[in-house]
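Asker: I am attaching a structure below and will ask some questions about it afterwards.
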Amino acid sequence: ALLNQHPEIFHSVAFVGVPFAGGVGFLPDLHAGEAVGLNRKILSPKVLFRFPSVYTLFPLSGAGLIEPDGKPIEMDFFSAAQWKEKKLSVFSGESTAEQLSFLGGALAKARAFRVLLAAKKQSYPPILVVSGREYPTLVTAIRNGPKSVGGWDLESAPKVPGDGRVAERDSHPPEGVPYRQIYSKKEHTDQLSDPEVVREIKAQLE
């Protein structure tokens, strides 16, 4: 978003494991939470729900939710009412008006941010994009699937090549942005520790 507004302030840019197209790879955190050792509270859905930046990672297309028979479910990930209607995240159980209000504000900002990602007719500095394709990555949640948690199965649907968090197909910049592509064999959180990625970034800076 900043690059589109002020390309002149950049020498070059490296995007590492970025879900440009958005996806549902972060829905398991918001819906089921993440355990830290034996602690399931510190990163519970109620906690992660309050992180407004995570909502910028969902797709404007609304793709990613299906019925058990494979039929796509229409979804606007930037509508708080839709999250409540589909019983996603904290709305799979008891929720409050305050939570719905918070989500409405967070989603409005997230949608506005995603709009800023569209390419502009301008010159861009050199751009390096690092993606992964070694790890099966979630791109679909099944309503009332065989391994449902709170009404959503976040495990059973076929996965696609990615870095474990971001699908390779969703990791490319918007059409019209020129870039150089490389692939890391590391999973999402370790890509910046990949020696090959570090070498490529160093070369880009030089």
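Identifiers in the structure tokens: chain A, B, ... in order shown; residue index from 1 per chain; ligand index from 1 in order shown.
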Could you pull out the residues in region 19-129 of chain A that DSSP calls strand (DSSP E or B) from the backbone, as a PyMOL selection string?

Answerer: chain A and resi 36+39+65-66+72+127-129

Asker: Leaving out Val149 (chain A) and any residue of its chain fewer than 2 positions from it, which residues lie within 12 Å of it when counting only C-alpha atoms, given as number ranges by chain?

Answerer: A: 27-33, 45, 87-90, 92-93, 141-147, 151-156

Asker: Tell me which protein, DNA and RNA residues are within 10 Å of region 165-180 of chain A, counting only C-alpha atoms, leaving out same-chain ones fewer than 2 positions away, and put them as a ChimeraX atom specification.

Answerer: /A:4,13-26,57,59,117-139,159-163,182-183,187-189

Asker: DSSP on the backbone: what in region 53-177 of chain A comes out helix (DSSP H, G or I), as an MDAnalysis selection string?

Answerer: chainID A and resid 53:57 80:85 89:92 97:115 168:170

Asker: Show which residues sit within 9 Å of Leu100 (chain A), as a list in words. Count only C-alpha atoms, and ignore same-chain residues fewer than 5 positions away.

Answerer: Ala80, Ala81, Trp83, Lys84, Phe91, Ser95 and Gly105 of chain A

Asker: Let me see the file: selected residues, N, CA, C and O atoms, as a tab-separated table (two decimals), in the first residue's frame.

Answerer:
```tsv
chain	number	residue	atom	x	y	z
A	80	ALA	N	-19.15	-7.94	9.06
A	80	ALA	CA	-19.26	-8.52	10.40
A	80	ALA	C	-20.53	-9.37	10.52
A	80	ALA	O	-20.53	-10.42	11.16
A	81	ALA	N	-21.59	-8.93	9.88
A	81	ALA	CA	-22.85	-9.68	9.93
A	81	ALA	C	-22.68	-11.06	9.33
A	81	ALA	O	-23.27	-12.04	9.81
A	83	TRP	N	-19.84	-12.85	9.29
A	83	TRP	CA	-19.10	-13.67	10.26
A	83	TRP	C	-20.04	-14.23	11.32
A	83	TRP	O	-19.94	-15.40	11.69
A	84	LYS	N	-20.96	-13.40	11.76
A	84	LYS	CA	-21.92	-13.86	12.78
A	84	LYS	C	-22.89	-14.88	12.18
A	84	LYS	O	-23.16	-15.92	12.80
A	91	PHE	N	-18.09	-16.13	17.07
A	91	PHE	CA	-19.53	-16.24	16.85
A	91	PHE	C	-20.01	-17.68	16.74
A	91	PHE	O	-21.19	-17.93	16.52
A	95	SER	N	-21.58	-14.68	21.94
A	95	SER	CA	-20.81	-13.48	21.60
A	95	SER	C	-21.55	-12.26	22.10
A	95	SER	O	-22.69	-12.34	22.56
A	105	GLY	N	-15.73	-2.46	12.71
A	105	GLY	CA	-14.71	-1.43	12.51
A	105	GLY	C	-13.43	-1.98	11.92
A	105	GLY	O	-12.82	-1.36	11.03
```

Asker: Using only C-alpha atoms, can you tell me which of A:Ser12, A:Thr140, A:Pro7, A:Phe77 comes closest to Lys202 (chain A)?

Answerer: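 Looking only at the distances to Lys202 (chain A), the closest residue turns out to be A:Ser12.
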
Asker: What's the separation between CA of Phe78 (chain A) and CA of Ile66 (chain A), in Å to one decimal place?

Answerer: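 CA of Ile66 (chain A) lies 17.6 Å from CA of Phe78 (chain A).
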
Asker: Which residue out of A:Ala157, A:Val197, A:Leu205, A:Leu3 has the minimum interatomic distance to Gly64 (chain A) when only C-alpha atoms are used?

Answerer: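 Ranking A:Ala157, A:Val197, A:Leu205, A:Leu3 by distance to Gly64 (chain A), first place goes to A:Ala157.
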
Asker: What gap, in Å, lies between CA of Pro158 (chain A) and CA of Val47 (chain A)?

Answerer: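 Spanning CA of Pro158 (chain A) to CA of Val47 (chain A) is a straight-line distance of 28.3 Å.
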
Asker: Figure out the distance between CA of Pro72 (chain A) and CA of Thr96 (chain A), please, to one decimal in Å.

Answerer: 28.4 Å

Asker: Skip Arg111 (chain A) itself and residues of its chain fewer than 6 positions away, then list as a PyMOL selection string all residues within 9 Å of it, counting only C-alpha atoms.

Answerer: chain A and resi 55-56+60+78
